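Q: My questions will all concern the structure given below.
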Amino acid sequence: MAEMTYRQALHDTLREELQRDENVFLIGEEIGRFEGSYKITAGLLQEFGPKRVVDTPICENGFVGLAIGAAMLGLRPIVEIMTINFIALAMDEIVNHAAKIYYMFGGQCPVPLVIRTPGGGGQQLSATHSQNLEVWFAHVPGLKVVAPSTPADARGLLRTAVRDDNPVLFLENLALYNTRGEVPEGDYTIPIGKAQVMKEGHDLTIISYSRMAVVALDVARRLEQERQLSIEVVDVRSLRPLDHETVVNSVKKTNRAIIFEEDWRSYGVGAELAATLQEEAFDYLDAPIQRVAGAEVPLPYSKPLEQAALPSARQLVEAVDRLAIRKRRVVYA
Amino acid sequence: MAEMTYRQALHDTLREELQRDENVFLIGEEIGRFEGSYKITAGLLQEFGPKRVVDTPICENGFVGLAIGAAMLGLRPIVEIMTINFIALAMDEIVNHAAKIYYMFGGQCPVPLVIRTPGGGGQQLSATHSQNLEVWFAHVPGLKVVAPSTPADARGLLRTAVRDDNPVLFLENLALYNTRGEVPEGDYTIPIGKAQVMKEGHDLTIISYSRMAVVALDVARRLEQERQLSIEVVDVRSLRPLDHETVVNSVKKTNRAIIFEEDWRSYGVGAELAATLQEEAFDYLDAPIQRVAGAEVPLPYSKPLEQAALPSARQLVEAVDRLAIRKRRVVYA
Amino acid sequence: METRQQRKAAAQGAGPGDPRSPASLLEGTDRETLLNYYYQMVLIRYFEEKAGEMYTRARIGGYCHLNLGEEATVVGFCAGLEADDYVYTNYREHGYAICRGISPAVVMAELFGKKTGCSRGRGGSMHLFDLKRRFMGGYGIVGGQLPLAVGAAFALAYRGAREIVACQMGDGTTNGGPFHESLNLAKLYRLPVVFLIVNNQYGMGTRVDQGSAVPDLYRKACAYDMRSERVDGTDLLAVLEAVRTAARIAREEREPSLIEAVSYRFRGHSVVDPDRYRPEDEVRRWRERDPILLYATRLKEAGLMDEATRQELETRAQQEVEEAVRFAEESEFPSVEELYDFVYAGEGGR
Amino acid sequence: METRQQRKAAAQGAGPGDPRSPASLLEGTDRETLLNYYYQMVLIRYFEEKAGEMYTRARIGGYCHLNLGEEATVVGFCAGLEADDYVYTNYREHGYAICRGISPAVVMAELFGKKTGCSRGRGGSMHLFDLKRRFMGGYGIVGGQLPLAVGAAFALAYRGAREIVACQMGDGTTNGGPFHESLNLAKLYRLPVVFLIVNNQYGMGTRVDQGSAVPDLYRKACAYDMRSERVDGTDLLAVLEAVRTAARIAREEREPSLIEAVSYRFRGHSVVDPDRYRPEDEVRRWRERDPILLYATRLKEAGLMDEATRQELETRAQQEVEEAVRFAEESEFPSVEELYDFVYAGEGGR
Ligand SMILES: Cc1ncc(C[n+]2csc(CCOP(=O)(O)OP(=O)(O)O)c2C)c(N)n1
Ligand SMILES: Cc1ncc(C[n+]2csc(CCOP(=O)(O)OP(=O)(O)O)c2C)c(N)n1
Ligand SMILES: [Mg+2]
Ligand SMILES: [Mg+2]
């Protein structure tokens, strides 16, 4: 175990995978000479050379398609899309090609591809640079989508993603890069499709992913201290496949759940979680599953507006309060 | 009232809006000389000339962006994207531009734009030509999304969409074009954001939209006859904004619901509906809300596989049966 | 750097009745090979006519786009490549698949949606695939195959392999972003790829000059300083020579090329297209320039194919197509239990 | 059709120390106007330096891209247009907004996220907008503004209006699909639009020739048979002349043009970029070619601006910027109650 930032965990894992497998290469805008917009790939061009660390022109559909084509011939590209907002330009190659090729051609040609990209708001980057579009990909069979919240998960899931034979969207978050945590050393991997119980509890489950999982954990710890509430926090980590078992079991235990997500509420990740929970744990629910999500506006630039639009710890606490009001049976705590 | 096809209803409405407002024009691939891939625009080039009916090269992002720019200067473009699958290439202009411009520039410049496009499978068009990607747009504030299931709704909603000052995604369906129905004459409009109770009932609500709403109505009528089940069918018609009131009221009455959708189940439209219903009608639900949706595979070409992958009336009936089994209180029927 | 774009072809023109393919190619190639090209052209012709018929008889579903009229381009293109080169095409690809060695039976089975099809019935007419024969797919999204082909070429360059990639597309494809991004990337990274534009003069109902500000499509390569030329797509040997040269340059010099082959499609965009947007006399004129007849005449004049041989080859082709239909008919549909196979690799299921 | 692309500029070269902007322009323009150009350049210079400072002092958030080093291009471009022409730019647009008549105070207020900002605080540095002044937006997605500009030109042509559209972009933008699709559409439909490439020689850390197979960017117009030329972007009058000519042709002949103005950005890509990827001597060399100094020398040599006038103009510019900061500081933030305003038009709410 070593303490490091989320950024460092990503960087180290990329480096190790480049060392491990000659077929792995990095490709994206500004990842080499510029060292990465968010410096995840700093130093890798010097170490591995331009064959393995490929700077591209600004043409997201083109270089993502290039990576898919390279993967069809057995390379294992790791693409960086500078931020998820620009992925809008690459939807065709990702959804109509990467996600379809293995199935549509009858299982002849896998596409071992990772697309790393950060989402998220809170940097005053305004409407076109602050989105969370991962639900678009979570919806599409043929893709896998992971969204780690901690440096350890970033490392473990990135390794697994690189070694997976399918196209994996690997979601990062601008506001997570400088967060710190313990990271296991060695060939540490985490299976795709397994949620993580970050904190056990029995009064209520908060389900989240990516940056909001960190906030959720914080809130849960705080409320435990301040109010003796025992809150379970589940980080789903993988959006596709989604680990039904872990979230359902948690809610069967706590009987109530809040989903906490940074993205817009309608048709977001939380919708699928809520729908699934009421399907699979209906008789265990003591209250409706709540969603605490981003305000449904194009994220504004102005700081006070931006802050008002983003989901906050305060809103999460309010939701906890609302759920408590509804409680219909004795809490064994 | 006149009986006509869904295609005819669209065609007539386009024609009337072209006549009514000089600022309205049509733009898209093959809509003029070729008369439209699905012949919705047949004859309009001859009638209105190339200024009002604009054939484009194959460049979805380019001509959608062009339409947005024209809308910024006060024209009212109606774009046809040949099928929704190709919209993957235009995501940037739709999501990062059309949906943002009014808000991001502080309310100075509306974007009155309609994007018409058919989705849907069942024509053996295989994985890249059979998708239902409307949930991507339903997720995005700044856009409106409508998805009429009948010729009358097609007419009423298209009119409203053309006159709306916002970008509206108008979802059609390949398998609906030849369906027939009564269509009101005159300046008939339907507000965006209003669901429609297609059939009243008190045992169960089936919620659907677009093509599946037609199948749902059929099944409901059949089960009424065959099994004396009183099923309410709600066509939400608008996905964004979504009419919570109508669906919640229906479920408060029937106490159970099935969502029937053509698209993939996970992170689909049904997820939002289920999440909303359990939030807003929790205490009225006698059973979990079920989702009957498409199999989560890239749609295969081969007829038997394709049929197996698409949601069917049979699956809907099975879901009705499953719900009946779960019933926990007396049915007043 | 100066544009190396070759205006030669344009200057010479590729207009009707201008047989410019090199006599040397005819002389320097053995008769068997030359006759085999003829065989492949008629095989495609019969195959496509049969496919149209089977579509009308509802054996084939979805969209179905035929290579009728483009046979010289298809065969010349494939013949200019080596067996282990990689090929990417659009959805109008039956002929290419067959020329690259996928048996017509297996292609027809795919069109019928049978499990013996080259994509196991999952892809259909627009999505033929055969990894072993390095036929890397027909693609239904206009332009979608270009970045993939560039990526395959990237992988070959990465490994220092000697194979190259050849990527076919239609004229209408050159107006979209993927064309531009792909050509720029291919040239920038100096990748071994040959781009072929099959300029059949229409993208659905849109004539080339109605979609492209520059209707001499090979000239678009100027924006990437990529070598390019236009050839007569009804002349098999002209296409073959251009592709062979471009392939050699890709292989030896790691330079991509763009070739524009001008031909005409004899029927509508797809089998169901009533084809009302093309002037009748234009259609007639081009049908008279049937690439198969042109090549037959060429072979006959060179004393390489007599009428009996021609008859024999055509009969054999016809039989092969009949055989293909029989095979497709008799094959089974994939079982519904297999629905979730191939969604994800390495897991055998969802 | 033959390429009308003009190789003139390339032949003449736009290299350092080659003052090629027409003396006639200097002579044919009244002094006040010429001095006002100078004023605008220094105004931008001070504004941008102040913006950088305010960013460091956390008054400004998000990304902040400055026009430092590009002042001649910015002012020359805007001066070549008429007041009612429409302008679209990328996110490096503070200078354009100011030159088009949005007051520096209102621009600064936008950077501060205040409700008095030209986008009411919603857009920030990358998204300045003013409908009344026909400044149709800075856009943060590379290439995103191009199709919009083409659409605006389409609307003008549709209405038979005499205004035109001018669309700025960076060098890196020319490698993406939107560039290609937009130029093709503009030429195909013969739309009144002037495209300006600000070739500041880098897109973030990528030098032009590392991203473009054809580094002479104006030459890319050849793929659309669009008139194009390269000008020295450090020479205000050269840019002005090229834009004025292109604007006239757009207005009168409905022909789009592409202009490449070569300059250099004096600082990093955005305020936070440590700018480690450019050779020091390259930076030094270009800094010496400061467009403001070049123009000042020009004016002085022509006897149009003495030192006192220069001082006076600079002081005034400095004051205007100070005033802008004061205005921005004193303005209020938008109220949180307004969060849902402007999501949808015509409804005042969600
Ligand atoms: C991105 C995209 N847009 C539109 C279509 C619909 N479409 C299918 S084929 C075609 C015309 C293509 O023309 P061309 O490239 O000349 O090829 P051809 O059919 O003539 O071989 C169009 C518009 C598509 N498949 N993909
Ligand atoms: C589609 C898209 N991809 C990537 C980015 C990130 N990005 C912002 S600016 C930039 C470089 C643009 O370079 P250039 O066009 O030369 O403009 P300059 O910044 O030099 O003015 C990049 C890659 C983006 N904003 N949009
Ligand atoms: Mg064509
Ligand atoms: Mg630049």
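Order determines the names: the first chain of the structure tokens is A, the second B, and so forth; residues in each chain are numbered 1 upward, and ligands are numbered 1 upward as they are shown.
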Residues of chain C that approach ligand 1 to 6 Å or less, counting only C-alpha atoms and all ligand atoms: could you list each one with the shortest pair of atoms and its distance in Å to one decimal, rows by chain and increasing residue number, as CSV?
A:
residue,atom,partner,partner_atom_place_in_ligand_line,distance
C:Arg92,CA,ligand 1,21 (O),5.7
C:Gly140,CA,ligand 1,25 (N),5.2
C:Ile141,CA,ligand 1,26 (N),3.8
C:Val142,CA,ligand 1,26 (N),3.8
C:Met169,CA,ligand 1,15 (O),6.0
C:Gly170,CA,ligand 1,15 (O),3.2
C:Asp171,CA,ligand 1,16 (O),3.9
C:Gly172,CA,ligand 1,15 (O),3.5
C:Thr173,CA,ligand 1,15 (O),4.1
C:Asn200,CA,ligand 1,20 (O),5.7
C:Tyr202,CA,ligand 1,16 (O),5.2
C:Gly203,CA,ligand 1,13 (O),3.1
C:Met204,CA,ligand 1,11 (C),4.8
C:His269,CA,ligand 1,19 (O),5.8
Q: Store the residues picked out above, limited to all heavy atoms, as a compact mmCIF listing (two decimals), in the first residue's frame.
A:
# COMPACT_ATOMS: atom_id res chain seq x y z
N ARG C 92 -21.84 -1.78 -49.68
CA ARG C 92 -22.08 -2.27 -51.05
C ARG C 92 -20.90 -3.18 -51.38
O ARG C 92 -20.04 -2.86 -52.20
CB ARG C 92 -22.15 -1.07 -52.01
CG ARG C 92 -22.70 -1.41 -53.41
CD ARG C 92 -22.66 -0.19 -54.34
NE ARG C 92 -23.50 0.91 -53.91
CZ ARG C 92 -24.83 0.93 -54.04
NH1 ARG C 92 -25.45 -0.09 -54.61
NH2 ARG C 92 -25.51 1.96 -53.59
N GLY C 140 -22.20 -0.18 -42.54
CA GLY C 140 -23.41 0.49 -43.01
C GLY C 140 -23.46 1.99 -42.76
O GLY C 140 -24.29 2.68 -43.33
N ILE C 141 -22.61 2.47 -41.89
CA ILE C 141 -22.60 3.91 -41.61
C ILE C 141 -21.63 4.55 -42.60
O ILE C 141 -20.45 4.20 -42.65
CB ILE C 141 -22.10 4.18 -40.18
CG1 ILE C 141 -22.95 3.43 -39.15
CG2 ILE C 141 -22.06 5.67 -39.90
CD1 ILE C 141 -24.33 3.97 -38.93
N VAL C 142 -22.15 5.49 -43.38
CA VAL C 142 -21.32 6.10 -44.42
C VAL C 142 -20.07 6.73 -43.77
O VAL C 142 -20.18 7.56 -42.88
CB VAL C 142 -22.12 7.15 -45.21
CG1 VAL C 142 -21.18 8.01 -46.06
CG2 VAL C 142 -23.14 6.46 -46.10
N MET C 169 -14.77 3.11 -50.50
CA MET C 169 -15.88 3.99 -50.07
C MET C 169 -16.61 4.49 -51.31
O MET C 169 -16.12 4.34 -52.44
CB MET C 169 -15.33 5.19 -49.29
CG MET C 169 -14.66 6.23 -50.19
SD MET C 169 -13.65 7.44 -49.32
CE MET C 169 -12.09 6.60 -49.25
N GLY C 170 -17.75 5.12 -51.12
CA GLY C 170 -18.49 5.69 -52.24
C GLY C 170 -18.17 7.18 -52.41
O GLY C 170 -17.55 7.79 -51.54
N ASP C 171 -18.62 7.75 -53.50
CA ASP C 171 -18.38 9.16 -53.76
C ASP C 171 -18.99 10.06 -52.70
O ASP C 171 -18.41 11.05 -52.26
CB ASP C 171 -18.92 9.56 -55.14
CG ASP C 171 -20.31 8.99 -55.41
OD1 ASP C 171 -20.40 7.84 -55.86
OD2 ASP C 171 -21.31 9.67 -55.12
N GLY C 172 -20.21 9.71 -52.26
CA GLY C 172 -20.91 10.55 -51.29
C GLY C 172 -20.18 10.64 -49.96
O GLY C 172 -20.35 11.61 -49.20
N THR C 173 -19.36 9.66 -49.71
CA THR C 173 -18.62 9.56 -48.45
C THR C 173 -17.58 10.66 -48.30
O THR C 173 -17.16 10.99 -47.19
CB THR C 173 -17.94 8.17 -48.42
OG1 THR C 173 -18.93 7.20 -48.76
CG2 THR C 173 -17.34 7.85 -47.07
N ASN C 200 -19.51 6.12 -58.33
CA ASN C 200 -20.57 5.64 -59.23
C ASN C 200 -21.53 6.79 -59.54
O ASN C 200 -22.64 6.58 -60.00
CB ASN C 200 -21.28 4.41 -58.64
CG ASN C 200 -21.91 4.70 -57.29
OD1 ASN C 200 -22.07 5.86 -56.90
ND2 ASN C 200 -22.28 3.66 -56.56
N TYR C 202 -23.37 8.78 -57.99
CA TYR C 202 -24.51 9.13 -57.14
C TYR C 202 -24.32 8.56 -55.74
O TYR C 202 -23.82 7.45 -55.58
CB TYR C 202 -25.83 8.57 -57.71
CG TYR C 202 -26.30 9.32 -58.92
CD1 TYR C 202 -25.81 9.00 -60.18
CD2 TYR C 202 -27.21 10.37 -58.81
CE1 TYR C 202 -26.22 9.71 -61.31
CE2 TYR C 202 -27.63 11.08 -59.93
CZ TYR C 202 -27.13 10.74 -61.17
OH TYR C 202 -27.53 11.45 -62.28
N GLY C 203 -24.75 9.31 -54.75
CA GLY C 203 -24.95 8.81 -53.41
C GLY C 203 -26.45 8.87 -53.22
O GLY C 203 -27.01 9.97 -53.14
N MET C 204 -27.10 7.74 -53.25
CA MET C 204 -28.56 7.69 -53.34
C MET C 204 -29.00 8.56 -54.53
O MET C 204 -28.60 8.28 -55.66
CB MET C 204 -29.22 8.07 -52.02
CG MET C 204 -28.82 7.11 -50.89
SD MET C 204 -29.69 7.28 -49.33
CE MET C 204 -31.33 6.77 -49.73
N HIS C 269 -30.16 2.70 -55.84
CA HIS C 269 -29.24 2.69 -54.70
C HIS C 269 -29.29 1.36 -53.97
O HIS C 269 -28.26 0.77 -53.65
CB HIS C 269 -29.62 3.83 -53.75
CG HIS C 269 -28.93 3.74 -52.43
ND1 HIS C 269 -27.57 3.96 -52.30
CD2 HIS C 269 -29.39 3.43 -51.19
CE1 HIS C 269 -27.23 3.80 -51.03
NE2 HIS C 269 -28.30 3.48 -50.34
Q: Counting only C-alpha atoms, which residues of chain D come no farther than 6 Å from chain C, as a VMD selection string?
A: chain D and resid 176 to 177 181 184 187 to 188 213 to 214 220 223 to 224
Q: Could you dump the residues just selected with all heavy atoms as a PDB file, in the first residue's frame?
A:
ATOM      1  N   GLY D 176     -10.203  18.724 -38.099  1.00  0.00           N
ATOM      2  CA  GLY D 176     -11.411  18.009 -37.695  1.00  0.00           C
ATOM      3  C   GLY D 176     -12.483  18.003 -38.759  1.00  0.00           C
ATOM      4  O   GLY D 176     -12.507  18.864 -39.653  1.00  0.00           O
ATOM      5  N   GLY D 177     -13.378  17.062 -38.642  1.00  0.00           N
ATOM      6  CA  GLY D 177     -14.474  16.939 -39.587  1.00  0.00           C
ATOM      7  C   GLY D 177     -15.301  18.205 -39.768  1.00  0.00           C
ATOM      8  O   GLY D 177     -15.678  18.531 -40.901  1.00  0.00           O
ATOM      9  N   GLU D 181     -16.588  19.637 -43.413  1.00  0.00           N
ATOM     10  CA  GLU D 181     -18.008  19.656 -43.770  1.00  0.00           C
ATOM     11  C   GLU D 181     -18.484  21.090 -44.001  1.00  0.00           C
ATOM     12  O   GLU D 181     -19.278  21.363 -44.907  1.00  0.00           O
ATOM     13  CB  GLU D 181     -18.836  18.974 -42.674  1.00  0.00           C
ATOM     14  CG  GLU D 181     -18.477  17.496 -42.523  1.00  0.00           C
ATOM     15  CD  GLU D 181     -19.342  16.749 -41.504  1.00  0.00           C
ATOM     16  OE1 GLU D 181     -20.186  17.379 -40.838  1.00  0.00           O
ATOM     17  OE2 GLU D 181     -19.150  15.517 -41.381  1.00  0.00           O
ATOM     18  N   ASN D 184     -17.106  22.608 -47.307  1.00  0.00           N
ATOM     19  CA  ASN D 184     -17.807  22.022 -48.451  1.00  0.00           C
ATOM     20  C   ASN D 184     -19.212  22.608 -48.591  1.00  0.00           C
ATOM     21  O   ASN D 184     -19.639  22.992 -49.681  1.00  0.00           O
ATOM     22  CB  ASN D 184     -17.865  20.501 -48.305  1.00  0.00           C
ATOM     23  CG  ASN D 184     -18.419  19.826 -49.542  1.00  0.00           C
ATOM     24  OD1 ASN D 184     -17.949  20.054 -50.654  1.00  0.00           O
ATOM     25  ND2 ASN D 184     -19.457  19.016 -49.360  1.00  0.00           N
ATOM     26  N   LYS D 187     -19.199  26.292 -49.811  1.00  0.00           N
ATOM     27  CA  LYS D 187     -18.897  26.447 -51.229  1.00  0.00           C
ATOM     28  C   LYS D 187     -20.022  25.876 -52.091  1.00  0.00           C
ATOM     29  O   LYS D 187     -20.420  26.470 -53.093  1.00  0.00           O
ATOM     30  CB  LYS D 187     -17.577  25.748 -51.537  1.00  0.00           C
ATOM     31  CG  LYS D 187     -17.188  25.769 -52.997  1.00  0.00           C
ATOM     32  CD  LYS D 187     -16.799  27.169 -53.471  1.00  0.00           C
ATOM     33  CE  LYS D 187     -16.586  27.159 -54.981  1.00  0.00           C
ATOM     34  NZ  LYS D 187     -15.966  28.388 -55.466  1.00  0.00           N
ATOM     35  N   LEU D 188     -20.545  24.753 -51.668  1.00  0.00           N
ATOM     36  CA  LEU D 188     -21.595  24.093 -52.441  1.00  0.00           C
ATOM     37  C   LEU D 188     -22.821  24.987 -52.569  1.00  0.00           C
ATOM     38  O   LEU D 188     -23.412  25.115 -53.640  1.00  0.00           O
ATOM     39  CB  LEU D 188     -21.959  22.786 -51.727  1.00  0.00           C
ATOM     40  CG  LEU D 188     -22.836  21.788 -52.464  1.00  0.00           C
ATOM     41  CD1 LEU D 188     -22.080  21.176 -53.640  1.00  0.00           C
ATOM     42  CD2 LEU D 188     -23.258  20.674 -51.495  1.00  0.00           C
ATOM     43  N   ALA D 213      -1.397  17.357 -42.122  1.00  0.00           N
ATOM     44  CA  ALA D 213      -0.544  16.822 -43.177  1.00  0.00           C
ATOM     45  C   ALA D 213      -0.117  17.929 -44.133  1.00  0.00           C
ATOM     46  O   ALA D 213       0.968  17.881 -44.705  1.00  0.00           O
ATOM     47  CB  ALA D 213      -1.265  15.708 -43.925  1.00  0.00           C
ATOM     48  N   VAL D 214      -0.970  18.902 -44.304  1.00  0.00           N
ATOM     49  CA  VAL D 214      -0.623  20.089 -45.097  1.00  0.00           C
ATOM     50  C   VAL D 214      -0.504  21.279 -44.153  1.00  0.00           C
ATOM     51  O   VAL D 214      -1.511  21.823 -43.704  1.00  0.00           O
ATOM     52  CB  VAL D 214      -1.702  20.372 -46.159  1.00  0.00           C
ATOM     53  CG1 VAL D 214      -1.516  21.751 -46.770  1.00  0.00           C
ATOM     54  CG2 VAL D 214      -1.659  19.310 -47.249  1.00  0.00           C
ATOM     55  N   LYS D 220      -5.633  24.111 -47.762  1.00  0.00           N
ATOM     56  CA  LYS D 220      -6.692  23.111 -47.582  1.00  0.00           C
ATOM     57  C   LYS D 220      -7.967  23.489 -48.332  1.00  0.00           C
ATOM     58  O   LYS D 220      -8.811  22.647 -48.587  1.00  0.00           O
ATOM     59  CB  LYS D 220      -6.992  22.927 -46.089  1.00  0.00           C
ATOM     60  CG  LYS D 220      -5.815  22.364 -45.298  1.00  0.00           C
ATOM     61  CD  LYS D 220      -6.234  21.898 -43.909  1.00  0.00           C
ATOM     62  CE  LYS D 220      -5.005  21.437 -43.112  1.00  0.00           C
ATOM     63  NZ  LYS D 220      -5.366  20.765 -41.855  1.00  0.00           N
ATOM     64  N   ALA D 223      -9.511  21.610 -51.586  1.00  0.00           N
ATOM     65  CA  ALA D 223     -10.446  20.482 -51.635  1.00  0.00           C
ATOM     66  C   ALA D 223     -11.884  20.950 -51.813  1.00  0.00           C
ATOM     67  O   ALA D 223     -12.802  20.122 -51.952  1.00  0.00           O
ATOM     68  CB  ALA D 223     -10.308  19.640 -50.366  1.00  0.00           C
ATOM     69  N   TYR D 224     -12.084  22.255 -51.796  1.00  0.00           N
ATOM     70  CA  TYR D 224     -13.433  22.811 -51.955  1.00  0.00           C
ATOM     71  C   TYR D 224     -13.462  23.855 -53.059  1.00  0.00           C
ATOM     72  O   TYR D 224     -14.439  24.569 -53.205  1.00  0.00           O
ATOM     73  CB  TYR D 224     -13.922  23.398 -50.615  1.00  0.00           C
ATOM     74  CG  TYR D 224     -13.529  22.484 -49.497  1.00  0.00           C
ATOM     75  CD1 TYR D 224     -12.385  22.711 -48.740  1.00  0.00           C
ATOM     76  CD2 TYR D 224     -14.248  21.314 -49.278  1.00  0.00           C
ATOM     77  CE1 TYR D 224     -11.970  21.811 -47.776  1.00  0.00           C
ATOM     78  CE2 TYR D 224     -13.834  20.404 -48.321  1.00  0.00           C
ATOM     79  CZ  TYR D 224     -12.694  20.666 -47.572  1.00  0.00           C
ATOM     80  OH  TYR D 224     -12.281  19.756 -46.638  1.00  0.00           O
TER      81      TYR D 224
END
Q: What are the residues of chain B lining chain D at 6 Å or less? Count only C-alpha atoms, and put the answer as a PyMOL selection string.
A: chain B and resi 62+65-67+69-70+103-107+110+142+165
Q: Please identify every residue of chain A that has at least one atom no more than 7 Å from any atom of chain B, counting only C-alpha atoms, and report them as an mmCIF file with C-alpha atoms, in the first residue's frame.
A:
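Final output, result-v4.cif:
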data_model
loop_
_atom_site.group_PDB
_atom_site.id
_atom_site.type_symbol
_atom_site.label_atom_id
_atom_site.label_comp_id
_atom_site.auth_asym_id
_atom_site.auth_seq_id
_atom_site.Cartn_x
_atom_site.Cartn_y
_atom_site.Cartn_z
ATOM 1 C CA ALA A 88 -19.961 13.853 -28.561
ATOM 2 C CA LEU A 89 -17.841 14.020 -31.696
ATOM 3 C CA MET A 91 -20.210 8.787 -30.789
ATOM 4 C CA ASP A 92 -20.382 7.135 -34.171
ATOM 5 C CA ASN A 96 -21.961 2.274 -34.082
ATOM 6 C CA LYS A 100 -21.151 -3.504 -32.573
ATOM 7 C CA TYR A 103 -21.526 -9.048 -32.287
ATOM 8 C CA MET A 104 -22.435 -7.895 -35.768
ATOM 9 C CA ALA A 127 -22.157 24.313 -20.151
ATOM 10 C CA THR A 128 -20.133 22.618 -22.858
ATOM 11 C CA VAL A 135 -25.211 7.283 -19.068
ATOM 12 C CA TRP A 136 -25.207 7.408 -22.878
ATOM 13 C CA ALA A 138 -24.070 2.685 -19.974
ATOM 14 C CA HIS A 139 -27.155 2.281 -22.140
ATOM 15 C CA PRO A 141 -24.822 -3.242 -25.029
ATOM 16 C CA SER A 266 -33.865 12.758 -15.604
ATOM 17 C CA TYR A 267 -32.830 9.670 -17.527
ATOM 18 C CA GLY A 268 -29.630 9.515 -15.519
ATOM 19 C CA VAL A 269 -27.797 6.678 -13.856
ATOM 20 C CA ALA A 271 -33.059 6.242 -12.776
ATOM 21 C CA GLU A 272 -31.736 2.792 -13.645
ATOM 22 C CA ALA A 274 -34.063 3.213 -8.677
ATOM 23 C CA ALA A 275 -35.921 1.178 -11.277
ATOM 24 C CA GLN A 278 -37.900 -1.279 -6.832
ATOM 25 C CA GLU A 279 -38.021 -4.265 -9.187
ATOM 26 C CA PHE A 282 -39.846 -3.987 -3.679
ATOM 27 C CA PRO A 288 -39.368 5.646 -2.048
ATOM 28 C CA ILE A 289 -35.852 5.657 -3.350
ATOM 29 C CA GLN A 290 -34.695 9.237 -3.592
ATOM 30 C CA GLU A 296 -31.337 20.123 -14.959
ATOM 31 C CA VAL A 297 -29.672 23.096 -16.565
ATOM 32 C CA PRO A 298 -26.698 23.520 -18.896
ATOM 33 C CA PRO A 300 -23.616 27.928 -15.828
#
Q: Need the shell around Cys167 in chain D: protein/DNA/RNA residues with any atom at most 6 Å away, counting only C-alpha atoms. Skip same-chain ones fewer than 6 positions apart. Format as a JSON list (two decimals) with N, CA, C and O atoms, in the first residue's frame?
A:
[["chain", "number", "residue", "atom", "x", "y", "z"],
["D", 87, "VAL", "N", -20.48, 37.68, -36.55],
["D", 87, "VAL", "CA", -19.17, 37.10, -36.24],
["D", 87, "VAL", "C", -19.32, 35.89, -35.32],
["D", 87, "VAL", "O", -20.02, 35.94, -34.30],
["D", 88, "TYR", "N", -18.67, 34.81, -35.70],
["D", 88, "TYR", "CA", -18.56, 33.61, -34.86],
["D", 88, "TYR", "C", -17.08, 33.35, -34.60],
["D", 88, "TYR", "O", -16.27, 33.49, -35.52],
["D", 89, "THR", "N", -16.76, 32.97, -33.38],
["D", 89, "THR", "CA", -15.36, 32.69, -33.06],
["D", 89, "THR", "C", -15.24, 31.45, -32.18],
["D", 89, "THR", "O", -16.24, 30.91, -31.71],
["D", 195, "PHE", "N", -14.05, 32.64, -43.77],
["D", 195, "PHE", "CA", -13.42, 31.84, -42.72],
["D", 195, "PHE", "C", -12.02, 32.40, -42.46],
["D", 195, "PHE", "O", -11.26, 32.62, -43.41],
["D", 196, "LEU", "N", -11.73, 32.58, -41.20],
["D", 196, "LEU", "CA", -10.39, 33.05, -40.83],
["D", 196, "LEU", "C", -9.72, 32.00, -39.96],
["D", 196, "LEU", "O", -10.22, 31.66, -38.89]]
Q: Just the residues within 12 Å of range 223-225 of chain B, please, counting only C-alpha atoms, with nothing from its chain fewer than 3 positions along; format it as JSON, numbers by chain.
A: {"B": [199, 200, 201, 202, 203, 204, 216, 217, 218, 219, 220, 228, 229, 230, 231, 232, 233, 313, 314, 316, 317, 318, 320, 321, 333]}
Q: Could you pull the residues within 12 Å of Glu17 in chain A, counting only C-alpha atoms, minus those fewer than 3 positions along the same chain, as an MDAnalysis selection string?
A: chainID A and resid 10:14 20:26 44 48 52 76:78 155:156 158:163 186:189
Q: Could you give me, as a list in words, the residues within 6 Å of Ile206 in chain B, counting only C-alpha atoms and dropping anything in the same chain fewer than 5 positions from it?
A: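 In the requested format, the answer is Val233, Ala257, Ile258 and Ile259 of chain B.
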